[in-house]
>>> print(open('my_file.pdb').read())   # PDB, C-alpha atoms
ATOM      1  CA  MET A 163     -16.182  23.907   3.061
ATOM      2  CA  HIS A 164     -17.475  23.956  -0.487
ATOM      3  CA  GLN A 165     -21.267  23.956  -0.600
ATOM      4  CA  LEU A 166     -23.250  23.011  -3.671
ATOM      5  CA  GLN A 167     -26.020  25.450  -2.815
ATOM      6  CA  GLN A 168     -23.501  28.307  -3.022
ATOM      7  CA  LEU A 169     -22.616  27.282  -6.572
ATOM      8  CA  GLY A 170     -26.102  27.843  -7.937
ATOM      9  CA  LYS A 171     -27.634  25.548 -10.516
ATOM     10  CA  ASP A 172     -24.875  25.847 -13.097
ATOM     11  CA  GLN A 173     -23.378  22.397 -13.589
ATOM     12  CA  ASP A 174     -20.255  24.041 -15.013
ATOM     13  CA  ASP A 175     -19.652  25.647 -11.610
ATOM     14  CA  ILE A 176     -20.205  22.314  -9.874
ATOM     15  CA  ALA A 177     -17.811  20.596 -12.259
ATOM     16  CA  LEU A 178     -15.189  23.322 -11.763
ATOM     17  CA  THR A 179     -15.212  22.937  -7.972
ATOM     18  CA  TYR A 180     -15.274  19.147  -8.184
ATOM     19  CA  ASN A 181     -12.403  19.041 -10.667
ATOM     20  CA  ARG A 182     -10.353  21.419  -8.499
ATOM     21  CA  ASP A 183     -10.980  19.898  -5.067
ATOM     22  CA  GLY A 184     -12.162  16.360  -5.822
ATOM     23  CA  PHE A 185     -15.318  16.755  -3.725
ATOM     24  CA  ILE A 186     -18.477  18.749  -3.086
ATOM     25  CA  ALA A 187     -20.147  18.982   0.357
ATOM     26  CA  PRO A 188     -22.788  19.376   1.545
ATOM     27  CA  ILE A 189     -25.444  18.759  -1.099
ATOM     28  CA  ASP A 190     -29.069  19.100   0.039
ATOM     29  CA  VAL A 191     -30.719  15.959  -1.353
ATOM     30  CA  ILE A 192     -33.811  15.058   0.686
ATOM     31  CA  SER A 193     -35.514  16.407   3.789
ATOM     32  CA  LYS A 194     -34.688  15.152   7.276
ATOM     33  CA  GLU A 195     -38.140  13.570   7.353
ATOM     34  CA  GLU A 196     -37.448  11.675   4.122
ATOM     35  CA  ALA A 197     -34.080  10.557   5.482
ATOM     36  CA  GLN A 198     -35.827   9.268   8.590
ATOM     37  CA  LEU A 199     -38.297   7.293   6.462
ATOM     38  CA  LEU A 200     -35.375   5.640   4.639
ATOM     39  CA  ARG A 201     -33.669   4.898   7.925
ATOM     40  CA  THR A 202     -36.878   3.409   9.345
ATOM     41  CA  ASP A 203     -37.371   1.235   6.252
ATOM     42  CA  PHE A 204     -33.823  -0.091   6.582
ATOM     43  CA  GLU A 205     -33.983  -0.628  10.345
ATOM     44  CA  GLU A 206     -37.306  -2.443  10.064
ATOM     45  CA  ALA A 207     -35.734  -4.696   7.438
ATOM     46  CA  GLU A 208     -32.791  -5.241   9.824
ATOM     47  CA  LEU A 209     -35.197  -6.486  12.467
ATOM     48  CA  GLU A 210     -36.991  -8.752  10.004
ATOM     49  CA  LEU A 211     -33.673 -10.322   8.972
ATOM     50  CA  SER A 212     -32.061 -10.422  12.409
ATOM     51  CA  GLY A 213     -32.256 -14.213  12.481
ATOM     52  CA  THR A 214     -30.584 -14.649   9.092
ATOM     53  CA  PRO A 215     -27.062 -13.121   9.206
ATOM     54  CA  GLU A 216     -26.363 -13.887   5.541
ATOM     55  CA  LYS A 217     -29.405 -11.960   4.355
ATOM     56  CA  LEU A 218     -28.681  -9.138   6.785
ATOM     57  CA  ALA A 219     -25.183  -8.758   5.316
ATOM     58  CA  LEU A 220     -26.662  -8.654   1.811
ATOM     59  CA  LEU A 221     -29.141  -5.984   2.915
ATOM     60  CA  LYS A 222     -26.294  -3.746   4.106
ATOM     61  CA  ALA A 223     -24.306  -4.302   0.913
ATOM     62  CA  TYR A 224     -27.244  -4.048  -1.539
ATOM     63  CA  PRO A 225     -30.010  -1.896   0.007
ATOM     64  CA  ASP A 226     -30.880  -0.507  -3.444
ATOM     65  CA  ARG A 227     -31.433  -3.993  -4.838
ATOM     66  CA  LEU A 228     -33.591  -5.182  -1.926
ATOM     67  CA  LEU A 229     -35.578  -2.106  -0.828
ATOM     68  CA  PRO A 230     -37.461  -0.037  -3.429
ATOM     69  CA  SER A 231     -37.008   3.094  -1.292
ATOM     70  CA  PHE A 232     -33.223   2.878  -1.665
ATOM     71  CA  ASP A 233     -33.453   2.237  -5.398
ATOM     72  CA  ARG A 234     -35.449   5.471  -5.627
ATOM     73  CA  LEU A 235     -32.744   7.256  -3.631
ATOM     74  CA  THR A 236     -30.096   6.310  -6.216
ATOM     75  CA  ARG A 237     -32.312   7.937  -8.867
ATOM     76  CA  ASN A 238     -32.894  11.150  -6.878
ATOM     77  CA  GLU A 239     -32.772  14.064  -9.318
ATOM     78  CA  LYS A 240     -30.411  16.127  -7.149
ATOM     79  CA  LEU A 241     -27.932  13.261  -6.910
ATOM     80  CA  ILE A 242     -28.228  12.585 -10.636
ATOM     81  CA  SER A 243     -27.633  16.277 -11.378
ATOM     82  CA  ALA A 244     -24.518  16.389  -9.204
ATOM     83  CA  ALA A 245     -23.097  13.114 -10.533
ATOM     84  CA  SER A 246     -23.847  14.177 -14.110
ATOM     85  CA  ALA A 247     -21.810  17.338 -13.562
ATOM     86  CA  ALA A 248     -18.847  15.085 -12.807
ATOM     87  CA  LEU A 249     -19.439  12.218 -15.248
ATOM     88  CA  GLY A 250     -21.962  13.250 -17.890
ATOM     89  CA  PRO A 251     -25.597  12.246 -18.436
ATOM     90  CA  ASP A 252     -25.189   8.457 -18.711
ATOM     91  CA  LEU A 253     -24.917   6.965 -15.224
ATOM     92  CA  MET A 254     -24.878   3.529 -13.639
ATOM     93  CA  VAL A 255     -24.796   2.640  -9.944
ATOM     94  CA  TRP A 256     -22.003   0.145  -9.275
ATOM     95  CA  SER A 257     -22.968  -0.209  -5.605
ATOM     96  CA  ALA A 258     -24.856   1.662  -2.900
ATOM     97  CA  GLY A 259     -23.797  -0.113   0.268
ATOM     98  CA  LEU A 260     -24.472   1.179   3.764
ATOM     99  CA  PHE A 261     -21.650   2.324   6.022
ATOM    100  CA  ILE A 262     -22.822   2.127   9.627
ATOM    101  CA  LYS A 263     -21.002   3.154  12.779
ATOM    102  CA  GLU A 264     -22.921   2.054  15.816
ATOM    103  CA  LYS A 265     -23.306   4.427  18.761
ATOM    104  CA  ARG A 266     -20.161   4.764  20.894
ATOM    105  CA  SER A 267     -18.229   2.770  18.289
ATOM    106  CA  SER A 268     -14.458   2.781  17.842
ATOM    107  CA  LYS A 269     -14.815   1.774  14.176
ATOM    108  CA  ILE A 270     -12.935   4.002  11.748
ATOM    109  CA  VAL A 271     -12.193   4.172   8.038
ATOM    110  CA  SER A 272      -8.486   4.620   7.340
ATOM    111  CA  TRP A 273      -7.058   6.999   4.738
ATOM    112  CA  HIS A 274      -7.634   5.382   1.361
ATOM    113  CA  GLN A 275      -8.663   5.841  -2.270
ATOM    114  CA  ASP A 276     -11.881   4.096  -3.294
ATOM    115  CA  LEU A 277     -10.723   2.770  -6.648
ATOM    116  CA  THR A 278      -7.761   0.855  -5.210
ATOM    117  CA  TYR A 279      -9.350  -2.599  -5.222
ATOM    118  CA  TRP A 280     -12.523  -2.458  -7.296
ATOM    119  CA  GLY A 281     -10.952  -3.830 -10.469
ATOM    120  CA  LEU A 282     -12.398  -1.137 -12.749
ATOM    121  CA  ASP A 283     -10.464  -0.075 -15.822
ATOM    122  CA  ASP A 284     -10.833   3.704 -15.500
ATOM    123  CA  VAL A 285     -11.459   6.471 -12.948
ATOM    124  CA  ALA A 286     -14.853   7.608 -14.335
ATOM    125  CA  GLU A 287     -16.550   7.104 -10.937
ATOM    126  CA  THR A 288     -17.914   9.358  -8.223
ATOM    127  CA  THR A 289     -19.341   8.499  -4.818
ATOM    128  CA  CYS A 290     -22.371  10.300  -3.421
ATOM    129  CA  TRP A 291     -22.442   9.543   0.322
ATOM    130  CA  VAL A 292     -25.971  10.199   1.592
ATOM    131  CA  ALA A 293     -26.434  10.689   5.335
ATOM    132  CA  LEU A 294     -29.486   8.978   6.814
ATOM    133  CA  SER A 295     -28.513  10.183  10.284
ATOM    134  CA  ARG A 296     -26.444  13.136  11.439
ATOM    135  CA  ALA A 297     -22.812  12.694  10.362
ATOM    136  CA  HIS A 298     -20.612  15.270  12.059
ATOM    137  CA  GLU A 299     -17.039  14.989  13.307
ATOM    138  CA  VAL A 300     -18.124  13.614  16.685
ATOM    139  CA  SER A 301     -20.054  10.828  14.944
ATOM    140  CA  GLY A 302     -17.269   9.953  12.517
ATOM    141  CA  CYS A 303     -18.048  11.874   9.329
ATOM    142  CA  MET A 304     -15.681  11.800   6.375
ATOM    143  CA  LYS A 305     -12.584  13.944   5.950
ATOM    144  CA  PHE A 306     -11.128  14.794   2.538
ATOM    145  CA  VAL A 307      -7.731  16.042   1.370
ATOM    146  CA  PRO A 308      -8.576  18.636  -1.318
ATOM    147  CA  GLY A 309      -6.817  18.086  -4.635
ATOM    148  CA  SER A 310      -5.491  14.630  -3.752
ATOM    149  CA  HIS A 311      -7.619  13.107  -6.549
ATOM    150  CA  LYS A 312      -5.073  14.481  -9.031
ATOM    151  CA  THR A 313      -2.652  11.740  -8.045
ATOM    152  CA  LYS A 314      -2.776   8.211  -9.411
ATOM    153  CA  ILE A 315      -3.528   5.300  -7.099
ATOM    154  CA  VAL A 316      -0.824   5.349  -4.431
ATOM    155  CA  PRO A 317       0.485   2.274  -2.574
ATOM    156  CA  HIS A 318      -1.877   0.817   0.038
ATOM    157  CA  ILE A 319      -1.357  -1.843   2.674
ATOM    158  CA  ASP A 320      -3.973  -4.315   3.930
ATOM    159  CA  THR A 321      -4.230  -4.125   7.724
ATOM    160  CA  TYR A 322      -7.357  -6.289   8.215
ATOM    161  CA  SER A 323      -7.827  -4.317  11.442
ATOM    162  CA  ASP A 324     -10.924  -5.188  13.480
ATOM    163  CA  ASP A 325     -11.619  -1.479  13.971
ATOM    164  CA  ASN A 326     -11.588  -0.702  10.225
ATOM    165  CA  LEU A 327     -14.867  -0.739   8.274
ATOM    166  CA  LEU A 328     -13.094  -1.303   4.945
ATOM    167  CA  SER A 329     -13.148  -4.806   3.463
ATOM    168  CA  ARG A 330      -9.393  -5.334   3.787
ATOM    169  CA  GLY A 331      -8.570  -2.573   6.236
ATOM    170  CA  GLN A 332      -6.775  -0.967   3.323
ATOM    171  CA  GLU A 333      -4.728   2.081   4.207
ATOM    172  CA  ILE A 334      -2.570   4.482   2.230
ATOM    173  CA  SER A 335       1.065   3.622   2.942
ATOM    174  CA  VAL A 336       2.429   7.090   2.179
ATOM    175  CA  ASP A 337       2.216  10.135   4.445
ATOM    176  CA  VAL A 338      -1.095  12.003   4.386
ATOM    177  CA  ASP A 339      -1.092  15.661   5.416
ATOM    178  CA  GLU A 340      -3.956  15.556   7.903
ATOM    179  CA  ASN A 341      -3.580  19.282   8.580
ATOM    180  CA  SER A 342      -4.892  19.943   5.056
ATOM    181  CA  ALA A 343      -7.940  17.704   5.512
ATOM    182  CA  VAL A 344     -11.457  19.161   5.341
ATOM    183  CA  VAL A 345     -14.213  17.807   7.597
ATOM    184  CA  ALA A 346     -17.329  17.031   5.516
ATOM    185  CA  ALA A 347     -20.062  17.306   8.153
ATOM    186  CA  LEU A 348     -23.544  16.315   6.972
ATOM    187  CA  ASP A 349     -27.005  16.533   8.454
ATOM    188  CA  ALA A 350     -29.515  13.779   7.742
ATOM    189  CA  GLY A 351     -30.704  14.185   4.163
ATOM    190  CA  GLN A 352     -27.488  15.792   2.932
ATOM    191  CA  ALA A 353     -24.780  14.193   0.814
ATOM    192  CA  SER A 354     -21.186  14.675  -0.176
ATOM    193  CA  MET A 355     -19.725  13.735  -3.558
ATOM    194  CA  HIS A 356     -16.105  12.684  -3.986
ATOM    195  CA  HIS A 357     -13.764  11.410  -6.683
ATOM    196  CA  GLY A 358     -12.615   7.790  -6.593
ATOM    197  CA  LEU A 359      -8.964   8.820  -6.214
ATOM    198  CA  LEU A 360      -9.509  11.369  -3.425
ATOM    199  CA  PHE A 361      -7.751  10.674  -0.103
ATOM    200  CA  HIS A 362     -10.437  10.330   2.563
ATOM    201  CA  SER A 363     -11.029   8.774   5.969
ATOM    202  CA  SER A 364     -13.349   8.968   8.981
ATOM    203  CA  GLY A 365     -13.006   8.644  12.741
ATOM    204  CA  PRO A 366     -14.979   6.878  15.488
ATOM    205  CA  ASN A 367     -18.567   7.589  16.487
ATOM    206  CA  THR A 368     -18.547   9.051  19.993
ATOM    207  CA  THR A 369     -22.285   9.842  20.066
ATOM    208  CA  ASP A 370     -25.350   7.959  21.308
ATOM    209  CA  ASP A 371     -26.847   7.481  17.841
ATOM    210  CA  ARG A 372     -25.880   5.341  14.874
ATOM    211  CA  ARG A 373     -24.104   7.024  11.966
ATOM    212  CA  ILE A 374     -25.734   5.616   8.828
ATOM    213  CA  GLY A 375     -24.901   6.518   5.257
ATOM    214  CA  SER A 376     -25.399   5.040   1.799
ATOM    215  CA  ALA A 377     -22.305   5.287  -0.409
ATOM    216  CA  ILE A 378     -23.778   5.444  -3.918
ATOM    217  CA  ARG A 379     -21.054   4.729  -6.508
ATOM    218  CA  TYR A 380     -21.958   6.253  -9.864
ATOM    219  CA  ILE A 381     -19.938   5.195 -12.920
ATOM    220  CA  LYS A 382     -19.960   5.882 -16.636
ATOM    221  CA  PRO A 383     -21.263   2.954 -18.718
ATOM    222  CA  SER A 384     -17.956   3.021 -20.619
ATOM    223  CA  MET A 385     -16.253   1.603 -17.522
ATOM    224  CA  LYS A 386     -15.693  -2.131 -17.237
ATOM    225  CA  GLN A 387     -14.217  -4.683 -14.878
ATOM    226  CA  GLU A 388     -10.601  -5.384 -15.837
ATOM    227  CA  THR A 389     -11.334  -9.122 -15.744
ATOM    228  CA  GLY A 390     -14.181  -8.791 -18.242
ATOM    229  CA  ASP A 391     -16.724  -9.964 -15.639
ATOM    230  CA  ARG A 392     -20.154  -8.328 -15.828
ATOM    231  CA  SER A 393     -20.888  -7.180 -12.297
ATOM    232  CA  LEU A 394     -24.358  -6.055 -11.287
ATOM    233  CA  VAL A 395     -25.355  -2.407 -11.805
ATOM    234  CA  SER A 396     -28.473  -0.317 -12.278
ATOM    235  CA  LEU A 397     -28.876   2.195 -15.082
ATOM    236  CA  VAL A 398     -30.210   5.353 -13.411
ATOM    237  CA  SER A 399     -29.701   8.011 -16.086
ATOM    238  CA  GLY A 400     -29.229   8.105 -19.845
ATOM    239  CA  VAL A 401     -28.334   5.042 -21.907
ATOM    240  CA  ASP A 402     -25.851   2.179 -21.953
ATOM    241  CA  ARG A 403     -24.058   1.882 -25.288
ATOM    242  CA  PHE A 404     -21.412  -0.569 -24.102
ATOM    243  CA  GLY A 405     -22.954  -3.651 -22.439
ATOM    244  CA  ASN A 406     -20.057  -4.093 -19.998
ATOM    245  CA  PHE A 407     -22.255  -4.832 -16.978
ATOM    246  CA  LYS A 408     -25.328  -6.813 -15.972
ATOM    247  CA  ILE A 409     -28.131  -4.288 -15.575
ATOM    248  CA  ALA A 410     -30.643  -5.002 -12.810
ATOM    249  CA  ALA A 411     -34.188  -3.740 -13.011
ATOM    250  CA  ALA A 412     -35.623  -1.802 -10.101
ATOM    251  CA  PRO A 413     -36.794  -4.195  -7.358
ATOM    252  CA  ARG A 414     -40.421  -5.240  -7.852
ATOM    253  CA  GLY A 415     -40.977  -5.635  -4.142
ATOM    254  CA  ARG A 416     -39.383  -5.520  -0.709
ATOM    255  CA  LEU A 417     -36.848  -8.180   0.360
ATOM    256  CA  LEU A 418     -37.778 -10.547  -2.453
ATOM    257  CA  GLU A 419     -36.014 -13.914  -2.544
ATOM    258  CA  GLU A 420     -35.198 -13.523  -6.251
ATOM    259  CA  ASP A 421     -33.390 -10.283  -5.451
ATOM    260  CA  PHE A 422     -31.444 -11.889  -2.609
ATOM    261  CA  GLU A 423     -30.265 -14.585  -5.043
ATOM    262  CA  MET A 424     -29.169 -11.955  -7.576
ATOM    263  CA  CYS A 425     -27.214 -10.194  -4.831
ATOM    264  CA  ARG A 426     -25.612 -13.459  -3.697
ATOM    265  CA  GLN A 427     -24.284 -14.049  -7.184
ATOM    266  CA  ASP A 428     -22.898 -10.534  -7.462
ATOM    267  CA  LYS A 429     -21.351 -10.708  -3.977
ATOM    268  CA  ALA A 430     -19.475 -13.869  -4.964
ATOM    269  CA  LEU A 431     -18.199 -12.133  -8.093
ATOM    270  CA  LYS A 432     -17.120  -8.990  -6.247
ATOM    271  CA  GLN A 433     -15.403 -10.985  -3.515
ATOM    272  CA  ARG A 434     -13.344 -12.641  -6.233
ATOM    273  CA  LEU A 435     -12.542  -9.229  -7.742
ATOM    274  CA  LEU A 436     -11.672  -7.656  -4.354
ATOM    275  CA  TYR A 437      -9.647 -10.486  -2.926
TER
END
>>> encode(input="my_file.pdb", output="structure tokens")
Amino acid sequence: MHQLQQLGKDQDDIALTYNRDGFIAPIDVISKEEAQLLRTDFEEAELELSGTPEKLALLKAYPDRLLPSFDRLTRNEKLISAASAALGPDLMVWSAGLFIKEKRSSKIVSWHQDLTYWGLDDVAETTCWVALSRAHEVSGCMKFVPGSHKTKIVPHIDTYSDDNLLSRGQEISVDVDENSAVVAALDAGQASMHHGLLFHSSGPNTTDDRRIGSAIRYIKPSMKQETGDRSLVSLVSGVDRFGNFKIAAAPRGRLLEEDFEMCRQDKALKQRLLY
């Protein structure tokens, strides 16, 4: 397991490991207490929205647009430092959706590459997956195949399996050498960072607690949607010299109706791009 804390503070060392393996894990981002506060904020919002399924779905897809605490997480200096080592100083967040496996859940994520269906024109993306609860192998943490990011996008099939957390149940349709996979176990408050072409998957949650993580997708501002659409992003570091996306300001409050409407519009756009 490659640990960021063993690499020191030299971003060149971080970049070297990331370029070689396609991932870094674990990265110490926030304390367990801070992770618990984020989890509590989200779960309280879940309860508040329990009677409105549409808003609840938007909360899970756009926590950073609806909860100021999650917007602050995307701007965490340790995450920005790690993502900058991979992409440079100018960073946008393309999405920061929550991936949740309920306790004793059979839900899995099949072997896939993130960039398969997003409709972006380049591979200048990295995902920082921040654990808000313990994510170990028994709870369905991620597994990575080191070096697999050096391939191009390989063929995928859409399974639409009920047990798959991915939008289309997308799954790599070529053989994956699972014996070479590395288990990226995380404690609450830690993160992993992986390349958008890296082969990765995760198994079921066999524990009595939820496995909750925010998958923060950092991109370079030079990226764009292949269709020319301007999907919603936040600018979290540096500057945007390209104008390829619609930049959202940090939320001015918690669960504001204006922010829900902004998310609705972006969800409709991304559904068109994904499907």
>>> axis_aligned_box(input="my_file.pdb", around="stretch 242-256 of chain A", padding_each_side="6 Å", output="JSON")
{"center_x": -23.5, "center_y": 8.7, "center_z": -14.0, "size_x": 21.4, "size_y": 29.2, "size_z": 21.5}
>>> resolve_selection(input="my_file.pdb", expression="the PyMOL selection byres ((chain A and resi 263) around 7)", output="compact mmCIF listing (two decimals) with C-alpha atoms, in the coordinates of the input")
# COMPACT_ATOMS: atom_id res chain seq x y z
CA PHE A 261 -21.65 2.32 6.02
CA ILE A 262 -22.82 2.13 9.63
CA GLU A 264 -22.92 2.05 15.82
CA LYS A 265 -23.31 4.43 18.76
CA SER A 267 -18.23 2.77 18.29
CA LYS A 269 -14.82 1.77 14.18
CA ASN A 367 -18.57 7.59 16.49
CA ARG A 372 -25.88 5.34 14.87
CA ARG A 373 -24.10 7.02 11.97
CA ILE A 374 -25.73 5.62 8.83
>>> resolve_selection(input="my_file.pdb", expression="the PyMOL selection byres ((chain A and resi 236-240) around 8)", output="list of chain:residue names")
A:Asp190, A:Val191, A:Asp226, A:Phe232, A:Asp233, A:Arg234, A:Leu235, A:Leu241, A:Ile242, A:Ser243, A:Ala244, A:Val255, A:Ala258, A:Ile378, A:Val398, A:Ser399
>>> resolve_selection(input="my_file.pdb", expression="the PyMOL selection byres ((chain A and resi 276) around 9)", output="list in words")
His274, Gln275, Leu277, Thr278, Tyr279, Trp280, Thr289, His357, Gly358, Leu359, Leu360, Phe361 and His362 of chain A
>>> atom_distance(input="my_file.pdb", atom1="atom CA of A:Leu431", atom2="atom CA of A:Thr214")
21.3 Å
>>> atom_distance(input="my_file.pdb", atom1="atom CA of A:Pro230", atom2="atom CA of A:Val292")
16.2 Å
>>> atom_distance(input="my_file.pdb", atom1="atom CA of A:Asn406", atom2="atom CA of A:Asp428")
14.4 Å
>>> closest_residue(input="my_file.pdb", among="A:Leu211, A:Leu436, A:Ala353, A:Leu418", to="A:Cys290", atoms="all atoms listed in the file")
A:Ala353
>>> residues_around(input="my_file.pdb", residues="A:Leu397", least_positions_apart="2", cutoff="9 Å", atoms="only C-alpha atoms", output="ChimeraX atom specification")
/A:252-255,383,395,399-402,409-411
>>> closest_residue(input="my_file.pdb", among="A:Glu423, A:Glu287, A:Asp183, A:Glu216", to="A:Ser246", atoms="only C-alpha atoms")
A:Glu287
>>> closest_residue(input="my_file.pdb", among="A:Glu196, A:Glu205, A:Glu388, A:Glu210", to="A:Leu417", atoms="all atoms listed in the file")
A:Glu210
>>> residues_around(input="my_file.pdb", residues="A:Gln427", least_positions_apart="6", cutoff="12 Å", atoms="all atoms listed in the file", output="PDB file with C-alpha atoms, keeping the file's coordinate frame")
ATOM      1  CA  LEU A 220     -26.662  -8.654   1.811  1.00  0.00           C
ATOM      2  CA  TYR A 224     -27.244  -4.048  -1.539  1.00  0.00           C
ATOM      3  CA  ARG A 392     -20.154  -8.328 -15.828  1.00  0.00           C
ATOM      4  CA  SER A 393     -20.888  -7.180 -12.297  1.00  0.00           C
ATOM      5  CA  LEU A 394     -24.358  -6.055 -11.287  1.00  0.00           C
ATOM      6  CA  LYS A 408     -25.328  -6.813 -15.972  1.00  0.00           C
ATOM      7  CA  GLU A 420     -35.198 -13.523  -6.251  1.00  0.00           C
ATOM      8  CA  ASP A 421     -33.390 -10.283  -5.451  1.00  0.00           C
ATOM      9  CA  GLN A 433     -15.403 -10.985  -3.515  1.00  0.00           C
ATOM     10  CA  ARG A 434     -13.344 -12.641  -6.233  1.00  0.00           C
TER      11      ARG A 434
END
>>> closest_residue(input="my_file.pdb", among="A:Ser295, A:Ser310, A:Thr288, A:Ser231", to="A:Ala197", atoms="only C-alpha atoms")
A:Ser295
>>> residues_near_point(input="my_file.pdb", point="(-19.7, 13.4, 14.3)", cutoff="12 Å", atoms="only C-alpha atoms", output="NGL selection string")
:A and (263-267 or 270 or 293 or 295-305 or 345-350 or 364-374)
>>> residues_around(input="my_file.pdb", residues="A:Leu199", least_positions_apart="4", cutoff="9 Å", atoms="all atoms listed in the file", output="PyMOL selection string")
chain A and resi 194-195+203-204+231+294
>>> closest_residue(input="my_file.pdb", among="A:Ile186, A:Ala343, A:Leu260, A:Leu200", to="A:Leu221", atoms="only C-alpha atoms")
A:Leu260
>>> build_atoms(input="my_file.pdb", residues="stretch 290-307 of chain A", atoms="N, CA and C atoms", output="PDB file, keeping the file's coordinate frame")
ATOM      1  N   CYS A 290     -21.478   9.411  -4.156  1.00  0.00           N
ATOM      2  CA  CYS A 290     -22.371  10.300  -3.421  1.00  0.00           C
ATOM      3  C   CYS A 290     -22.732   9.597  -2.110  1.00  0.00           C
ATOM      4  N   TRP A 291     -22.240  10.142  -1.007  1.00  0.00           N
ATOM      5  CA  TRP A 291     -22.442   9.543   0.322  1.00  0.00           C
ATOM      6  C   TRP A 291     -23.611  10.268   0.975  1.00  0.00           C
ATOM      7  N   VAL A 292     -24.742   9.577   1.108  1.00  0.00           N
ATOM      8  CA  VAL A 292     -25.971  10.199   1.592  1.00  0.00           C
ATOM      9  C   VAL A 292     -26.171   9.853   3.066  1.00  0.00           C
ATOM     10  N   ALA A 293     -26.269  10.885   3.895  1.00  0.00           N
ATOM     11  CA  ALA A 293     -26.434  10.689   5.335  1.00  0.00           C
ATOM     12  C   ALA A 293     -27.893  10.422   5.681  1.00  0.00           C
ATOM     13  N   LEU A 294     -28.145   9.293   6.326  1.00  0.00           N
ATOM     14  CA  LEU A 294     -29.486   8.978   6.814  1.00  0.00           C
ATOM     15  C   LEU A 294     -29.630   9.318   8.290  1.00  0.00           C
ATOM     16  N   SER A 295     -28.518   9.637   8.928  1.00  0.00           N
ATOM     17  CA  SER A 295     -28.513  10.183  10.284  1.00  0.00           C
ATOM     18  C   SER A 295     -27.439  11.264  10.305  1.00  0.00           C
ATOM     19  N   ARG A 296     -27.407  12.041  11.357  1.00  0.00           N
ATOM     20  CA  ARG A 296     -26.444  13.136  11.439  1.00  0.00           C
ATOM     21  C   ARG A 296     -25.015  12.590  11.400  1.00  0.00           C
ATOM     22  N   ALA A 297     -24.202  13.132  10.503  1.00  0.00           N
ATOM     23  CA  ALA A 297     -22.812  12.694  10.362  1.00  0.00           C
ATOM     24  C   ALA A 297     -21.900  13.906  10.513  1.00  0.00           C
ATOM     25  N   HIS A 298     -21.533  14.181  11.758  1.00  0.00           N
ATOM     26  CA  HIS A 298     -20.612  15.270  12.059  1.00  0.00           C
ATOM     27  C   HIS A 298     -19.313  14.676  12.602  1.00  0.00           C
ATOM     28  N   GLU A 299     -18.350  15.512  12.910  1.00  0.00           N
ATOM     29  CA  GLU A 299     -17.039  14.989  13.307  1.00  0.00           C
ATOM     30  C   GLU A 299     -17.142  14.089  14.524  1.00  0.00           C
ATOM     31  N   VAL A 300     -18.011  14.432  15.475  1.00  0.00           N
ATOM     32  CA  VAL A 300     -18.124  13.614  16.685  1.00  0.00           C
ATOM     33  C   VAL A 300     -18.733  12.251  16.402  1.00  0.00           C
ATOM     34  N   SER A 301     -19.457  12.128  15.289  1.00  0.00           N
ATOM     35  CA  SER A 301     -20.054  10.828  14.944  1.00  0.00           C
ATOM     36  C   SER A 301     -19.277  10.110  13.851  1.00  0.00           C
ATOM     37  N   GLY A 302     -18.128  10.656  13.469  1.00  0.00           N
ATOM     38  CA  GLY A 302     -17.269   9.953  12.517  1.00  0.00           C
ATOM     39  C   GLY A 302     -17.594  10.237  11.071  1.00  0.00           C
ATOM     40  N   CYS A 303     -17.799  11.529  10.730  1.00  0.00           N
ATOM     41  CA  CYS A 303     -18.048  11.874   9.329  1.00  0.00           C
ATOM     42  C   CYS A 303     -16.741  11.780   8.535  1.00  0.00           C
ATOM     43  N   MET A 304     -16.853  11.901   7.232  1.00  0.00           N
ATOM     44  CA  MET A 304     -15.681  11.800   6.375  1.00  0.00           C
ATOM     45  C   MET A 304     -14.843  13.063   6.397  1.00  0.00           C
ATOM     46  N   LYS A 305     -13.543  12.863   6.144  1.00  0.00           N
ATOM     47  CA  LYS A 305     -12.584  13.944   5.950  1.00  0.00           C
ATOM     48  C   LYS A 305     -11.927  13.744   4.586  1.00  0.00           C
ATOM     49  N   PHE A 306     -11.711  14.838   3.880  1.00  0.00           N
ATOM     50  CA  PHE A 306     -11.128  14.794   2.538  1.00  0.00           C
ATOM     51  C   PHE A 306      -9.858  15.638   2.482  1.00  0.00           C
ATOM     52  N   VAL A 307      -8.907  15.224   1.661  1.00  0.00           N
ATOM     53  CA  VAL A 307      -7.731  16.042   1.370  1.00  0.00           C
ATOM     54  C   VAL A 307      -7.948  16.680   0.005  1.00  0.00           C
TER      55      VAL A 307
END
